[in-house]
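upload.txt (compact mmCIF, C-alpha atoms) appears below.
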# COMPACT_ATOMS: atom_id res chain seq x y z
CA MET A 1 49.82 -81.96 132.88
CA ASP A 2 50.18 -85.06 130.70
CA ARG A 3 53.53 -86.57 129.73
CA LYS A 4 53.61 -85.06 126.24
CA THR A 5 52.84 -81.55 127.50
CA GLN A 6 55.40 -81.95 130.31
CA ALA A 7 58.10 -83.10 127.89
CA GLU A 8 57.36 -80.21 125.52
CA GLY A 9 57.49 -77.77 128.43
CA GLU A 10 60.81 -79.16 129.64
CA ALA A 11 62.25 -78.79 126.13
CA ARG A 12 61.06 -75.16 126.06
CA VAL A 13 62.72 -74.46 129.42
CA LYS A 14 65.97 -75.93 128.16
CA ALA A 15 65.83 -73.99 124.88
CA LEU A 16 64.64 -70.64 126.25
CA LEU A 17 66.22 -70.52 129.70
CA ILE A 18 69.01 -73.02 130.33
CA GLU A 19 70.84 -72.86 126.99
CA PRO A 20 70.77 -69.04 126.69
CA LEU A 21 72.11 -68.71 130.24
CA GLU A 22 74.85 -71.24 129.53
CA ASN A 23 75.74 -69.27 126.39
CA ARG A 24 76.03 -66.17 128.59
CA GLY A 25 78.47 -67.98 130.85
CA LEU A 26 76.36 -69.81 133.42
CA ALA A 27 78.70 -72.42 134.81
CA LYS A 28 78.59 -75.35 137.17
CA PRO A 29 79.34 -74.25 140.74
CA ALA A 30 82.79 -75.37 141.85
CA GLY A 31 81.54 -77.47 144.76
CA LEU A 32 78.94 -79.34 142.72
CA ALA A 33 79.63 -82.58 140.86
CA ARG A 34 78.83 -82.64 137.14
CA ALA A 35 76.13 -85.29 137.65
CA GLU A 36 74.50 -83.22 140.39
CA PHE A 37 74.53 -80.14 138.15
CA GLN A 38 72.85 -82.09 135.33
CA LYS A 39 70.27 -83.40 137.81
CA MET A 40 69.66 -79.86 139.09
CA LYS A 41 69.07 -78.58 135.53
CA ALA A 42 66.68 -81.45 134.78
CA SER A 43 64.77 -80.72 137.97
CA LEU A 44 64.55 -77.04 137.05
CA CYS A 45 63.22 -77.94 133.60
CA ALA A 46 60.57 -80.19 135.15
CA LYS A 47 59.47 -77.58 137.68
CA LEU A 48 59.25 -74.71 135.17
CA ALA A 49 57.64 -76.67 132.33
CA TYR A 50 54.28 -74.92 132.86
CA LEU A 51 55.69 -71.47 131.99
CA SER A 52 54.96 -69.83 128.64
CA ASP A 53 57.67 -68.88 126.15
CA LEU A 54 57.29 -65.23 127.09
CA SER A 55 57.62 -65.97 130.81
CA LEU A 56 60.75 -68.08 130.21
CA GLN A 57 62.34 -65.33 128.14
CA ALA A 58 61.57 -62.79 130.85
CA LEU A 59 63.03 -65.09 133.50
CA GLU A 60 66.18 -65.53 131.40
CA GLU A 61 66.57 -61.75 131.14
CA VAL A 62 66.17 -61.30 134.90
CA ALA A 63 68.62 -64.11 135.67
CA ALA A 64 71.16 -62.73 133.20
CA ALA A 65 70.85 -59.24 134.69
CA SER A 66 71.37 -60.51 138.26
CA PRO A 67 74.18 -63.04 138.14
CA GLY A 68 75.67 -64.37 141.32
CA GLY A 69 79.02 -65.88 141.99
CA LYS A 70 82.61 -64.79 142.35
CA ASP A 71 82.63 -62.39 139.42
Output the structure of this file as structure tokens.
Amino acid sequence: MDRKTQAEGEARVKALLIEPLENRGLAKPAGLARAEFQKMKASLCAKLAYLSDLSLQALEEVAAASPGGKD
């Protein structure tokens, strides 16, 4: 994947997966520093950049339906 395609894919992951989950209440884990959380999200965007819009939307639905954490 070239740089342009990778960057476009990362932007799609952020727009279709990360931001919707954050809007639903996805929060930084208590034991994780803010910088580490940002790095983790960037890494996730880079790793999932190859996914299509439809796949990202499906992944967001699955993640939203199966939240983890205290609540």
- Task: May I ask which of the residues A:Leu51, A:Met1, A:Val62, A:Ile18 is the closest one to Gln38 in chain A, counting all atoms listed in the file?
- Result: A:Ile18
- Message: Env of Arg24 in chain A: 12 Å cut, atoms = all atoms listed in the file, seq-sep filter 6 positions within chain, self excluded. Answer as an NGL selection string.
- Response: :A and (17-18 or 60-61 or 63-65 or 67)
- With all atoms listed in the file as the basis for distance, which of A:Gly25, A:Ala46, A:Arg34, A:Glu19 is at the shortest distance from Arg3 in chain A? A:Ala46
- Query: Between A:Leu59, A:Leu54, A:Ala42, A:Ala27, which one has atoms that come closest to Glu10 in chain A, using all atoms listed in the file?
  - Reply: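 Between A:Leu59, A:Leu54, A:Ala42, A:Ala27, the residue approaching Glu10 in chain A most closely is A:Ala42.
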With 3 Å on each side, where is the centre of the axis-aligned box around all listed atoms of range 22-41 of chain A, and how long are its edges in Å to one decimal, as lines of an AutoDock Vina configuration file?
center_x = 75.9
center_y = -75.7
center_z = 135.6
size_x = 19.7
size_y = 25.1
size_z = 24.4
- Task: Would you mind telling me which residue in A:Leu44, A:Asp2, A:Ala7, A:Val13 lies nearest to Gln57 in chain A when using only C-alpha atoms?
- Result: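 Comparing A:Leu44, A:Asp2, A:Ala7, A:Val13 against Gln57 in chain A, the winner is A:Val13.
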- Interatomic distance (Å, one decimal) between CA of Ala30 in chain A and CA of Ser55 in chain A: 29.0 Å
- Item | Straight-line distance linking CA of Pro29 in chain A with CA of Lys14 in chain A, stated in Å to one decimal | 18.4 Å
- Pairwise distance for CA of Leu16 in chain A and CA of Asp53 in chain A, rounded to one decimal in Å: 7.2 Å
